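As stored in data.cif (mmCIF, C-alpha atoms):
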data_protein
#
loop_
_atom_site.label_atom_id
_atom_site.label_comp_id
_atom_site.auth_asym_id
_atom_site.auth_seq_id
_atom_site.Cartn_x
_atom_site.Cartn_y
_atom_site.Cartn_z
CA MET A 1 -19.53 -6.59 -40.77
CA GLU A 2 -18.67 -8.87 -43.71
CA PHE A 3 -14.97 -8.32 -43.09
CA ILE A 4 -15.42 -9.09 -39.38
CA GLN A 5 -17.25 -12.29 -40.28
CA LEU A 6 -14.49 -13.25 -42.72
CA ALA A 7 -11.88 -12.54 -40.03
CA PHE A 8 -13.74 -14.76 -37.53
CA GLU A 9 -14.05 -17.54 -40.11
CA ALA A 10 -10.32 -17.33 -40.86
CA LEU A 11 -9.49 -17.67 -37.15
CA LYS A 12 -11.97 -20.54 -36.69
CA GLU A 13 -10.27 -22.46 -39.52
CA ARG A 14 -7.07 -22.39 -37.47
CA LYS A 15 -8.58 -22.90 -34.01
CA LEU A 16 -5.56 -24.29 -32.18
CA ARG A 17 -3.11 -21.68 -33.43
CA ALA A 18 -5.57 -18.81 -32.86
CA SER A 19 -6.48 -20.11 -29.39
CA LEU A 20 -2.84 -20.32 -28.31
CA THR A 21 -2.17 -16.81 -29.59
CA ILE A 22 -5.21 -15.44 -27.75
CA PHE A 23 -4.07 -17.30 -24.62
CA MET A 24 -0.70 -15.50 -24.79
CA VAL A 25 -2.52 -12.16 -24.81
CA ILE A 26 -4.71 -13.33 -21.91
CA ILE A 27 -1.65 -14.23 -19.80
CA GLY A 28 0.06 -10.88 -20.45
CA SER A 29 -3.09 -8.87 -19.64
CA ALA A 30 -3.86 -10.98 -16.56
CA LEU A 31 -0.37 -10.49 -15.12
CA LEU A 32 -0.60 -6.71 -15.54
CA VAL A 33 -4.04 -6.56 -13.90
CA ALA A 34 -3.07 -8.88 -11.02
CA VAL A 35 0.18 -7.03 -10.22
CA ASN A 36 -1.53 -3.64 -10.30
CA GLY A 37 -4.43 -4.95 -8.20
CA ILE A 38 -2.18 -6.22 -5.41
CA SER A 39 0.02 -3.11 -5.61
CA ASN A 40 -2.98 -0.75 -5.41
CA GLY A 41 -4.41 -2.72 -2.49
CA THR A 42 -1.12 -2.42 -0.62
CA LYS A 43 -0.84 1.32 -1.35
CA HIS A 44 -4.42 1.99 -0.27
CA TYR A 45 -3.79 0.11 2.98
CA ILE A 46 -0.61 2.10 3.67
CA GLU A 47 -2.36 5.39 2.90
CA GLY A 48 -5.19 4.43 5.26
CA GLU A 49 -2.70 3.60 8.01
CA PHE A 50 -0.89 6.93 7.74
CA ASN A 51 -4.16 8.86 7.49
CA LYS A 52 -4.91 7.63 11.03
CA PHE A 53 -2.21 10.01 12.24
CA GLY A 54 -2.24 13.78 12.02
CA THR A 55 -0.96 15.09 8.69
CA ASN A 56 0.50 18.11 10.50
CA LEU A 57 2.54 15.97 12.91
CA ILE A 58 6.32 15.79 13.39
CA VAL A 59 7.90 13.28 15.78
CA VAL A 60 11.20 14.21 17.45
CA THR A 61 13.11 11.45 19.27
CA LYS A 62 16.52 11.00 20.88
CA LYS A 63 19.33 9.50 18.83
CA GLY A 64 20.50 6.16 20.19
CA THR A 65 24.17 7.13 20.56
CA SER A 66 23.67 10.81 21.42
CA ASP A 67 23.99 12.36 24.87
CA PHE A 68 21.65 15.19 23.87
CA LYS A 69 18.75 15.56 26.32
CA ILE A 70 15.27 16.71 25.36
CA LYS A 71 14.03 19.04 28.09
CA ASP A 72 11.58 21.89 28.66
CA TRP A 73 13.92 24.56 27.23
CA MET A 74 13.84 22.77 23.88
CA VAL A 75 10.03 22.50 24.05
CA ASP A 76 9.79 26.25 24.64
CA GLU A 77 12.15 27.05 21.74
CA ILE A 78 10.26 24.89 19.25
CA LYS A 79 6.93 26.37 20.35
CA GLU A 80 8.21 29.79 19.24
CA LEU A 81 8.92 28.62 15.67
CA ASP A 82 6.79 30.05 12.89
CA GLY A 83 4.21 27.47 11.82
CA VAL A 84 4.21 25.50 15.10
CA LEU A 85 0.79 25.16 16.72
CA ASP A 86 1.82 23.18 19.81
CA VAL A 87 4.45 20.81 21.19
CA ALA A 88 3.62 17.72 23.26
CA PRO A 89 6.59 16.10 25.06
CA PHE A 90 6.26 12.41 25.85
CA ILE A 91 7.95 9.71 27.93
CA GLU A 92 7.79 6.16 26.62
CA GLN A 93 8.91 2.85 28.07
CA THR A 94 7.85 -0.79 28.10
CA ALA A 95 6.49 -2.28 31.30
CA VAL A 96 4.49 -5.20 32.63
CA ILE A 97 0.90 -4.60 33.66
CA TYR A 98 -0.75 -6.77 36.33
CA SER A 99 -4.51 -7.21 36.61
CA ARG A 100 -6.37 -9.89 38.60
CA GLY A 101 -3.39 -12.24 38.63
CA LYS A 102 -2.70 -11.89 34.91
CA THR A 103 0.19 -10.04 33.27
CA ARG A 104 0.86 -8.43 29.92
CA SER A 105 3.79 -6.57 28.38
CA VAL A 106 2.73 -3.11 27.23
CA ILE A 107 4.07 0.24 26.05
CA ILE A 108 3.56 3.00 28.62
CA GLU A 109 3.42 6.54 27.29
CA GLY A 110 3.32 9.62 29.46
CA LEU A 111 1.63 12.46 27.58
CA ASP A 112 -0.70 15.41 28.04
CA GLN A 113 -3.79 13.60 26.78
CA THR A 114 -5.59 16.79 25.75
CA LYS A 115 -3.20 16.77 22.76
CA LEU A 116 -4.02 13.22 21.64
CA LYS A 117 -6.65 14.64 19.23
CA TYR A 118 -3.81 16.22 17.20
CA ILE A 119 -1.70 13.07 17.16
CA LEU A 120 -4.52 10.53 16.58
CA PRO A 121 -7.43 12.49 15.04
CA ASN A 122 -9.84 9.54 15.02
CA ILE A 123 -9.23 8.37 18.59
CA GLU A 124 -12.39 7.68 20.63
CA ILE A 125 -13.16 6.60 24.18
CA GLU A 126 -15.19 3.38 24.53
CA GLU A 127 -15.84 3.94 28.21
CA GLY A 128 -14.55 6.36 30.84
CA THR A 129 -12.51 9.50 30.23
CA PHE A 130 -9.03 10.66 29.31
CA VAL A 131 -6.54 11.08 32.14
CA SER A 132 -6.04 14.61 33.46
CA GLU A 133 -2.50 15.98 33.42
CA TYR A 134 -2.77 16.44 37.18
CA ASP A 135 -3.89 12.84 37.77
CA SER A 136 -0.92 10.90 39.14
CA VAL A 137 -2.69 7.51 39.43
CA GLY A 138 -4.97 7.43 36.39
CA ILE A 139 -4.29 5.27 33.32
CA LEU A 140 -5.93 5.07 29.88
CA LEU A 141 -5.83 1.63 28.24
CA GLY A 142 -5.59 0.80 24.58
CA HIS A 143 -8.28 -1.54 23.29
CA GLN A 144 -6.09 -4.65 23.03
CA ILE A 145 -4.80 -4.15 26.58
CA ALA A 146 -8.28 -3.89 28.06
CA TYR A 147 -9.39 -7.08 26.32
CA SER A 148 -7.58 -10.40 26.63
CA GLY A 149 -9.78 -11.82 23.87
CA PRO A 150 -12.97 -11.01 21.92
CA ASP A 151 -15.18 -11.48 24.99
CA GLU A 152 -12.63 -11.57 27.82
CA ILE A 153 -11.77 -8.43 29.77
CA PHE A 154 -8.25 -8.00 31.16
CA ALA A 155 -8.89 -4.69 32.95
CA TRP A 156 -11.74 -2.19 32.89
CA VAL A 157 -12.71 1.28 34.03
CA GLY A 158 -12.51 1.71 37.79
CA ARG A 159 -10.27 -1.30 38.39
CA THR A 160 -6.78 -1.10 39.85
CA VAL A 161 -3.82 -2.32 37.81
CA GLN A 162 -0.14 -2.41 38.67
CA LEU A 163 2.75 -1.38 36.43
CA ALA A 164 6.23 -2.85 36.94
CA TYR A 165 9.56 -2.48 35.20
CA THR A 166 13.21 -3.21 35.95
CA ARG A 167 15.90 -0.53 36.10
CA TYR A 168 19.53 -0.18 37.15
CA THR A 169 20.42 1.58 40.38
CA GLU A 170 23.41 3.91 40.81
CA THR A 171 25.42 0.98 42.16
CA GLY A 172 24.78 -1.05 38.99
CA GLU A 173 22.30 -3.43 40.56
CA THR A 174 18.82 -4.04 39.18
CA GLU A 175 15.60 -3.28 40.98
CA THR A 176 11.94 -3.74 40.11
CA VAL A 177 9.78 -0.63 40.40
CA LYS A 178 6.05 -1.12 40.90
CA LYS A 179 3.17 1.33 41.11
CA SER A 180 -0.61 0.94 41.15
CA PHE A 181 -2.93 2.89 38.82
CA ILE A 182 -6.69 3.20 38.43
CA VAL A 183 -8.15 2.68 34.96
CA ARG A 184 -9.87 5.94 34.00
CA GLY A 185 -10.79 5.01 30.44
CA VAL A 186 -10.63 2.41 27.65
CA LEU A 187 -10.15 3.38 24.01
CA LYS A 188 -12.13 2.06 21.07
CA TYR A 189 -10.24 -0.17 18.65
CA TYR A 190 -8.01 2.03 16.48
CA GLY A 191 -6.64 -0.61 14.13
CA SER A 192 -3.18 0.78 13.44
CA PHE A 193 -0.54 -1.77 12.50
CA PHE A 194 2.45 0.55 11.91
CA ILE A 195 2.23 2.09 15.38
CA PRO A 196 0.48 -0.23 17.89
CA VAL A 197 -1.94 2.34 19.33
CA ASP A 198 -4.20 -0.41 20.69
CA GLN A 199 -1.30 -1.84 22.73
CA VAL A 200 -0.33 1.44 24.41
CA ALA A 201 -1.36 2.54 27.91
CA TRP A 202 -1.30 6.29 28.55
CA ILE A 203 -0.62 8.00 31.85
CA SER A 204 -0.05 11.67 32.61
CA LEU A 205 3.33 13.17 31.78
CA ARG A 206 3.94 14.00 35.43
CA ALA A 207 3.16 10.42 36.53
CA ALA A 208 5.51 8.99 33.86
CA ASP A 209 8.31 11.33 34.97
CA ASN A 210 7.97 10.09 38.55
CA LEU A 211 7.49 6.42 37.67
CA PHE A 212 10.47 6.18 35.32
CA ASN A 213 12.63 8.66 37.30
CA LYS A 214 13.26 10.85 34.24
CA LYS A 215 14.03 14.01 36.21
CA GLY A 216 12.47 16.30 33.61
CA GLU A 217 14.00 14.56 30.58
CA TYR A 218 11.73 13.45 27.72
CA ASP A 219 12.04 10.59 25.26
CA GLY A 220 10.61 12.68 22.45
CA LEU A 221 8.30 15.42 21.26
CA TYR A 222 5.17 15.54 19.12
CA VAL A 223 5.38 18.79 17.18
CA ILE A 224 1.98 19.86 15.81
CA THR A 225 2.25 22.30 12.93
CA LYS A 226 -0.41 24.78 11.82
CA ASP A 227 -0.49 23.20 8.35
CA PRO A 228 1.29 20.25 6.66
CA SER A 229 3.01 22.74 4.33
CA PHE A 230 5.17 23.83 7.31
CA ASN A 231 6.38 20.29 8.05
CA ASP A 232 9.48 20.19 5.86
CA GLN A 233 10.93 23.55 6.88
CA ILE A 234 10.36 22.86 10.60
CA MET A 235 11.88 19.38 10.29
CA ASP A 236 14.96 20.84 8.58
CA TYR A 237 15.33 23.49 11.30
CA ILE A 238 15.11 20.95 14.14
CA LYS A 239 17.60 18.60 12.43
CA ASP A 240 20.12 21.42 11.98
CA LYS A 241 19.85 22.87 15.49
CA TYR A 242 19.42 19.80 17.72
CA ASP A 243 21.13 16.40 17.79
CA VAL A 244 17.90 14.43 17.46
CA ASP A 245 16.04 12.21 14.99
CA VAL A 246 13.11 13.85 13.20
CA LEU A 247 10.39 12.26 11.11
CA SER A 248 6.75 12.67 10.20
CA PRO A 249 4.13 10.12 9.16
CA GLN A 250 3.69 11.98 5.87
CA SER A 251 7.41 11.91 5.05
CA ILE A 252 7.48 8.15 5.77
CA LYS A 253 4.42 7.75 3.56
CA ARG A 254 6.18 9.55 0.70
CA ILE A 255 9.17 7.23 0.99
CA VAL A 256 6.95 4.14 1.12
CA ASP A 257 4.97 5.40 -1.90
CA ASN A 258 8.17 5.91 -3.88
CA VAL A 259 9.38 2.41 -3.01
CA MET A 260 6.00 0.89 -3.88
CA ASN A 261 5.85 2.79 -7.18
CA THR A 262 9.34 1.57 -8.10
CA ILE A 263 8.50 -2.05 -7.26
CA THR A 264 5.19 -1.84 -9.13
CA PHE A 265 6.88 -0.32 -12.19
CA PHE A 266 9.53 -3.04 -12.17
CA ILE A 267 7.04 -5.90 -11.87
CA SER A 268 4.65 -4.30 -14.38
CA SER A 269 7.52 -3.96 -16.85
CA ILE A 270 8.21 -7.68 -16.53
CA SER A 271 4.49 -8.37 -17.02
CA ALA A 272 4.43 -6.12 -20.08
CA VAL A 273 7.18 -8.26 -21.63
CA SER A 274 4.68 -11.12 -21.75
CA LEU A 275 2.41 -8.91 -23.87
CA LEU A 276 5.32 -8.18 -26.19
CA VAL A 277 5.92 -11.92 -26.50
CA ALA A 278 2.23 -12.29 -27.33
CA SER A 279 2.70 -9.63 -30.02
CA ILE A 280 5.44 -11.69 -31.62
CA GLY A 281 3.07 -14.65 -31.49
CA ILE A 282 0.41 -12.61 -33.30
CA ILE A 283 2.91 -11.64 -36.02
CA THR A 284 3.92 -15.29 -36.43
CA THR A 285 0.31 -16.51 -36.49
CA LEU A 286 -0.88 -13.99 -39.07
CA TYR A 287 2.21 -14.30 -41.23
CA THR A 288 1.83 -18.07 -41.30
CA SER A 289 -1.85 -17.60 -42.04
CA MET A 290 -0.95 -15.31 -44.93
CA LEU A 291 1.43 -17.94 -46.41
CA GLU A 292 -1.28 -20.59 -46.13
CA ARG A 293 -3.87 -18.37 -47.79
CA ILE A 294 -1.90 -16.97 -50.73
CA ARG A 295 -4.16 -18.69 -53.28
CA GLU A 296 -7.25 -17.52 -51.38
CA ILE A 297 -5.94 -13.95 -51.42
CA GLY A 298 -5.36 -14.24 -55.19
CA ILE A 299 -8.98 -15.32 -55.70
CA LEU A 300 -10.27 -12.44 -53.58
CA LYS A 301 -8.25 -9.94 -55.59
CA ALA A 302 -9.38 -11.55 -58.87
CA ILE A 303 -13.06 -11.04 -57.97
CA GLY A 304 -12.57 -7.37 -57.16
CA TYR A 305 -11.08 -7.06 -53.66
CA LYS A 306 -8.64 -4.16 -53.40
CA SER A 307 -5.33 -4.20 -51.53
CA TYR A 308 -6.81 -2.18 -48.66
CA HIS A 309 -9.61 -4.77 -48.35
CA ILE A 310 -7.01 -7.51 -47.78
CA LEU A 311 -5.18 -5.19 -45.36
CA LYS A 312 -8.41 -4.63 -43.38
CA LEU A 313 -9.14 -8.36 -43.30
CA PHE A 314 -5.85 -9.24 -41.62
CA LEU A 315 -5.96 -6.23 -39.29
CA TYR A 316 -9.42 -7.29 -38.16
CA GLU A 317 -8.04 -10.72 -37.34
CA ALA A 318 -5.28 -9.15 -35.23
CA THR A 319 -7.76 -6.83 -33.51
CA ILE A 320 -10.13 -9.71 -32.70
CA ILE A 321 -7.22 -11.60 -31.10
CA GLY A 322 -6.36 -8.53 -29.02
CA ILE A 323 -9.94 -7.77 -27.96
CA LEU A 324 -10.72 -11.36 -26.98
CA GLY A 325 -7.37 -11.80 -25.21
CA GLY A 326 -7.59 -8.43 -23.45
CA THR A 327 -11.20 -8.90 -22.30
CA LEU A 328 -10.66 -12.43 -21.00
CA GLY A 329 -7.32 -11.30 -19.52
CA LEU A 330 -9.04 -8.65 -17.36
CA GLY A 331 -11.30 -11.26 -15.79
CA MET A 332 -8.46 -13.72 -15.32
CA GLY A 333 -6.27 -10.94 -13.87
CA VAL A 334 -8.83 -10.14 -11.15
CA LEU A 335 -9.06 -13.84 -10.30
CA LEU A 336 -5.26 -14.21 -10.38
CA ALA A 337 -4.84 -11.30 -7.95
CA TYR A 338 -7.01 -13.05 -5.35
CA VAL A 339 -5.21 -16.35 -5.97
CA LEU A 340 -1.82 -14.67 -5.39
CA LYS A 341 -3.24 -12.96 -2.30
CA ALA A 342 -4.36 -16.33 -0.91
CA LEU A 343 -1.03 -18.00 -1.71
CA TYR A 344 1.49 -15.35 -0.66
CA PHE A 345 -0.39 -12.83 1.53
CA ALA A 346 -2.72 -15.11 3.48
CA GLU A 347 -1.20 -13.88 6.77
CA VAL A 348 -1.87 -10.25 5.82
CA PRO A 349 -5.71 -10.16 5.76
CA PHE A 350 -5.93 -6.37 5.84
CA ILE A 351 -4.40 -6.07 2.33
CA GLN A 352 -7.01 -6.71 -0.36
CA PRO A 353 -6.53 -6.39 -4.15
CA THR A 354 -7.92 -3.09 -5.43
CA PHE A 355 -8.66 -2.42 -9.09
CA ASP A 356 -8.91 1.00 -10.70
CA VAL A 357 -11.17 1.38 -13.73
CA SER A 358 -8.45 3.43 -15.45
CA THR A 359 -5.93 0.59 -15.01
CA LEU A 360 -8.35 -1.99 -16.42
CA ILE A 361 -9.17 0.22 -19.40
CA SER A 362 -5.51 1.03 -20.12
CA THR A 363 -4.58 -2.67 -19.94
CA TRP A 364 -7.39 -3.55 -22.36
CA ILE A 365 -6.34 -0.77 -24.75
CA LEU A 366 -2.70 -1.90 -24.52
CA ALA A 367 -3.63 -5.51 -25.38
CA ALA A 368 -5.85 -4.48 -28.31
CA GLY A 369 -3.38 -1.84 -29.51
CA LEU A 370 -0.34 -4.11 -29.45
CA SER A 371 -2.32 -6.78 -31.29
CA LEU A 372 -3.35 -4.30 -33.96
CA ILE A 373 0.23 -3.06 -34.38
CA SER A 374 1.49 -6.64 -34.55
CA GLY A 375 -0.89 -7.37 -37.40
CA ILE A 376 0.32 -4.49 -39.58
CA TYR A 377 3.28 -6.26 -41.20
CA PRO A 378 1.50 -9.54 -42.08
CA ALA A 379 -1.50 -7.51 -43.32
CA TRP A 380 0.74 -5.30 -45.46
CA ARG A 381 2.51 -8.34 -46.96
CA ALA A 382 -0.81 -9.96 -47.77
CA SER A 383 -2.18 -6.80 -49.38
CA LYS A 384 0.87 -6.51 -51.67
CA LEU A 385 0.55 -9.99 -53.17
CA ASP A 386 0.25 -10.04 -56.97
CA PRO A 387 -3.08 -11.74 -57.78
CA VAL A 388 -1.65 -13.48 -60.89
CA VAL A 389 1.27 -14.92 -58.90
CA ALA A 390 -1.04 -15.78 -55.98
CA LEU A 391 -3.47 -17.73 -58.23
CA LYS A 392 -0.59 -19.83 -59.56
CA TYR A 393 0.70 -20.55 -56.03
CA GLU A 394 0.49 -24.18 -54.98
#

Now that the file is in, can you turn its structure into C-alpha cells?
Amino acid sequence: MEFIQLAFEALKERKLRASLTIFMVIIGSALLVAVNGISNGTKHYIEGEFNKFGTNLIVVTKKGTSDFKIKDWMVDEIKELDGVLDVAPFIEQTAVIYSRGKTRSVIIEGLDQTKLKYILPNIEIEEGTFVSEYDSVGILLGHQIAYSGPDEIFAWVGRTVQLAYTRYTETGETETVKKSFIVRGVLKYYGSFFIPVDQVAWISLRAADNLFNKKGEYDGLYVITKDPSFNDQIMDYIKDKYDVDVLSPQSIKRIVDNVMNTITFFISSISAVSLLVASIGIITTLYTSMLERIREIGILKAIGYKSYHILKLFLYEATIIGILGGTLGLGMGVLLAYVLKALYFAEVPFIQPTFDVSTLISTWILAAGLSLISGIYPAWRASKLDPVVALKYE
C-alpha cells in the first residue's frame, strides 16, 4: 500500500502530464468498446432477422437470363432427394391492390399456405384464417398491407379487394388484368426487414397460376430439409443438375457474418493502434519522470530501498495509468457507441449497440496490460541507477 501511495503521489506531482497520458488510454479503450458495441448490435440484429426464417430452408429461383423452367417434374425429383422433407413451389409477382378507392403496390405470392409454418416459423394470424389451396378467391394480407397507418385500416377480413397488373399480349400490346379477391385473414406484424413479409399478400398457388397465366410454370421453390445439416449437400446437388439460382437464409447469414467479422477486425485493429500510441506515451511519461527524479531515486536507495523496490514503484505508476484509463475508457466507450449510433445510424432504429461482458473485460485487461508492459523499460532504467551517481545529479 505504501508503494501504491508513493506511485499516486508521483503522478499527482505531474498532474498535466499524467492526465494527458491517462486520456490517451481512455481514448484507445473507448474506441475499442464503441466499435465492438456497434458491431455486436448489428450482428445480433442480422442474426435475429435470419432466425425469423426456417433454418432448414433452401430457396430455388430462376436465373434471369436462363430459359430453364421450374415445373412439377422438378418438384417431384427434388422431393425424392435424401434429406428433403417437402417442396413448396411458389409464384411471385408485383401488383396493385385496390380497396375502398385506395391503391397500394404489393408483392403477390401464390403458395400452399399449409407450408408457411416451415418457411416462417413464427408467423401468426391476427384475424381470420389461412387461405385453402382450393380457394380461388381468398387472399391473406401482410400486416402492413392491411393497415394504412397505426390506426387506419386499408382492408380487413371479409372485405373484397381487387388485384391488377399489366402484362404483354401475344401481339406485343399491353393489357391490364384485374381480379377480385376476398380477404380471408390478416397476419400479425412479423418485422422482417430483409424480406418484406409484412408487405406480401398470399393467395393459393392455383389462383396465382390462373391470375398470372403461368401455365404450370413456377417462379421458384421453397425446399424444406429434414435438418439444416442437409442444406449444403442438397444445394450443391440442385446447382449441379438444374440451371437455377440456389440460396438459403443460413448461407447468406454465414456470408454476412464473415463480412461483419472482417470489418470489425479491421476497425478494431485501427482502434488498437490508438492504445499502442498511448503505450508510447506511457513510456515517454515515465522515462521523463525517471530523469526528473534521479536525485530522489538516489535518496531512496541511500536509505535502504532495493532496486526491485524502485522497479515496483514505477510499474505501479504505469499500472495505475492503465487501470484508470481502462476503467474510464469503458464508460466513455459505451457513451461513444450511442453517440455514433445517433450521428450515423439514426435512420436505422432497429440496430442498438450491444456490449458483451467478455469484450469489456478483455479491453480493460488490454489497457492495463499494455500500460504495465510500457512501464517496464523506464522502471528497469530507474532501478539500475547508481545511488552515488544519482545523489550527485543536479

Would you mind listing, for every residue of region 238-305 of chain A within 12 Å of region 217-233 of chain A, the two atoms forming the shortest contact and the distance between them in Å to one decimal, using only C-alpha atoms, sorted by chain and ascending residue number, as JSON lines?
{"residue": "A:Ile238", "atom": "CA", "partner": "A:Gln233", "partner_atom": "CA", "distance": 8.8}
{"residue": "A:Lys239", "atom": "CA", "partner": "A:Gln233", "partner_atom": "CA", "distance": 10.0}
{"residue": "A:Asp240", "atom": "CA", "partner": "A:Gln233", "partner_atom": "CA", "distance": 10.7}
{"residue": "A:Val244", "atom": "CA", "partner": "A:Gly220", "partner_atom": "CA", "distance": 9.0}
{"residue": "A:Asp245", "atom": "CA", "partner": "A:Gly220", "partner_atom": "CA", "distance": 9.2}
{"residue": "A:Val246", "atom": "CA", "partner": "A:Leu221", "partner_atom": "CA", "distance": 9.5}
{"residue": "A:Leu247", "atom": "CA", "partner": "A:Asn231", "partner_atom": "CA", "distance": 9.5}
{"residue": "A:Ser248", "atom": "CA", "partner": "A:Asn231", "partner_atom": "CA", "distance": 7.9}
{"residue": "A:Pro249", "atom": "CA", "partner": "A:Asn231", "partner_atom": "CA", "distance": 10.5}
{"residue": "A:Gln250", "atom": "CA", "partner": "A:Pro228", "partner_atom": "CA", "distance": 8.6}
{"residue": "A:Ser251", "atom": "CA", "partner": "A:Asp232", "partner_atom": "CA", "distance": 8.6}

So what does the PyMOL selection byres ((chain A and resi 120-126) around 12) actually pick up in this one, as a short mmCIF file (atom, residue, chain, number, x, y, z; two decimals) with C-alpha atoms, keeping the file's coordinate frame?
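Contents of selection27.cif, as written:
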data_model
loop_
_atom_site.label_atom_id
_atom_site.label_comp_id
_atom_site.auth_asym_id
_atom_site.auth_seq_id
_atom_site.Cartn_x
_atom_site.Cartn_y
_atom_site.Cartn_z
CA GLY A 48 -5.19 4.43 5.26
CA GLU A 49 -2.70 3.60 8.01
CA PHE A 50 -0.89 6.93 7.74
CA ASN A 51 -4.16 8.86 7.49
CA LYS A 52 -4.91 7.63 11.03
CA PHE A 53 -2.21 10.01 12.24
CA GLY A 54 -2.24 13.78 12.02
CA THR A 55 -0.96 15.09 8.69
CA ASN A 56 0.50 18.11 10.50
CA LEU A 57 2.54 15.97 12.91
CA GLN A 113 -3.79 13.60 26.78
CA THR A 114 -5.59 16.79 25.75
CA LYS A 115 -3.20 16.77 22.76
CA LEU A 116 -4.02 13.22 21.64
CA LYS A 117 -6.65 14.64 19.23
CA TYR A 118 -3.81 16.22 17.20
CA ILE A 119 -1.70 13.07 17.16
CA GLU A 127 -15.84 3.94 28.21
CA GLY A 128 -14.55 6.36 30.84
CA THR A 129 -12.51 9.50 30.23
CA PHE A 130 -9.03 10.66 29.31
CA VAL A 131 -6.54 11.08 32.14
CA LEU A 140 -5.93 5.07 29.88
CA LEU A 141 -5.83 1.63 28.24
CA GLY A 142 -5.59 0.80 24.58
CA HIS A 143 -8.28 -1.54 23.29
CA ALA A 146 -8.28 -3.89 28.06
CA TRP A 156 -11.74 -2.19 32.89
CA VAL A 157 -12.71 1.28 34.03
CA ARG A 184 -9.87 5.94 34.00
CA GLY A 185 -10.79 5.01 30.44
CA VAL A 186 -10.63 2.41 27.65
CA LEU A 187 -10.15 3.38 24.01
CA LYS A 188 -12.13 2.06 21.07
CA TYR A 189 -10.24 -0.17 18.65
CA TYR A 190 -8.01 2.03 16.48
CA GLY A 191 -6.64 -0.61 14.13
CA SER A 192 -3.18 0.78 13.44
CA ILE A 195 2.23 2.09 15.38
CA PRO A 196 0.48 -0.23 17.89
CA VAL A 197 -1.94 2.34 19.33
CA ASP A 198 -4.20 -0.41 20.69
CA TYR A 222 5.17 15.54 19.12
CA ILE A 224 1.98 19.86 15.81
CA PRO A 249 4.13 10.12 9.16
#

Name the residues in contact with Leu370 (chain A) at a cut-off of 9 Å, using only C-alpha atoms, excluding same-chain residues fewer than 6 positions from it; report them as a list in words.
-> Leu275, Leu276, Ala278, Ser279, Thr319 and Gly322 of chain A

Closest to Tyr287 (chain A) among A:Gly158, A:Gly110, A:Gly304, A:Gly375, using only C-alpha atoms?
->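 Among the listed residues, the smallest separation from Tyr287 (chain A) belongs to A:Gly375.
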
Could you please determine the separation between CA of Thr262 (chain A) and CA of Ala30 (chain A) in Å, to one decimal place?
->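 One can read the CA of Thr262 (chain A) to CA of Ala30 (chain A) distance as 20.1 Å.
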
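Between CA of Glu92 (chain A) and CA of Val59 (chain A) the separation is 13.0 Å.
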
Got a sec: who's within 7 Å of Gln162 (chain A), counting only C-alpha atoms, leaving out chain neighbours fewer than 2 positions off, as a list in words?
->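 Neighbouring residues, sequence-local ones excluded: Ile97, Tyr98, Ser99, Thr160, Ala164, Lys178, Lys179, Ser180 and Phe181 of chain A.
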
Starting from the shown file, work through the PyMOL selection byres ((chain A and resi 288) around 12) and note down what comes out as an MDAnalysis selection string.
-> chainID A and resid 14 17:18 281:287 289:294 314 375 377:379 381:382

Quick one, how far is CA of Ala272 (chain A) from CA of Leu31 (chain A)?
->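 Straight-line distance from CA of Ala272 (chain A) to CA of Leu31 (chain A) works out to 8.2 Å.
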
Nearest to Ile320 (chain A) among A:Met235, A:Met332, A:Ser371, A:Val75, with distances taken over all atoms listed in the file: which residue is it?
-> A:Ser371
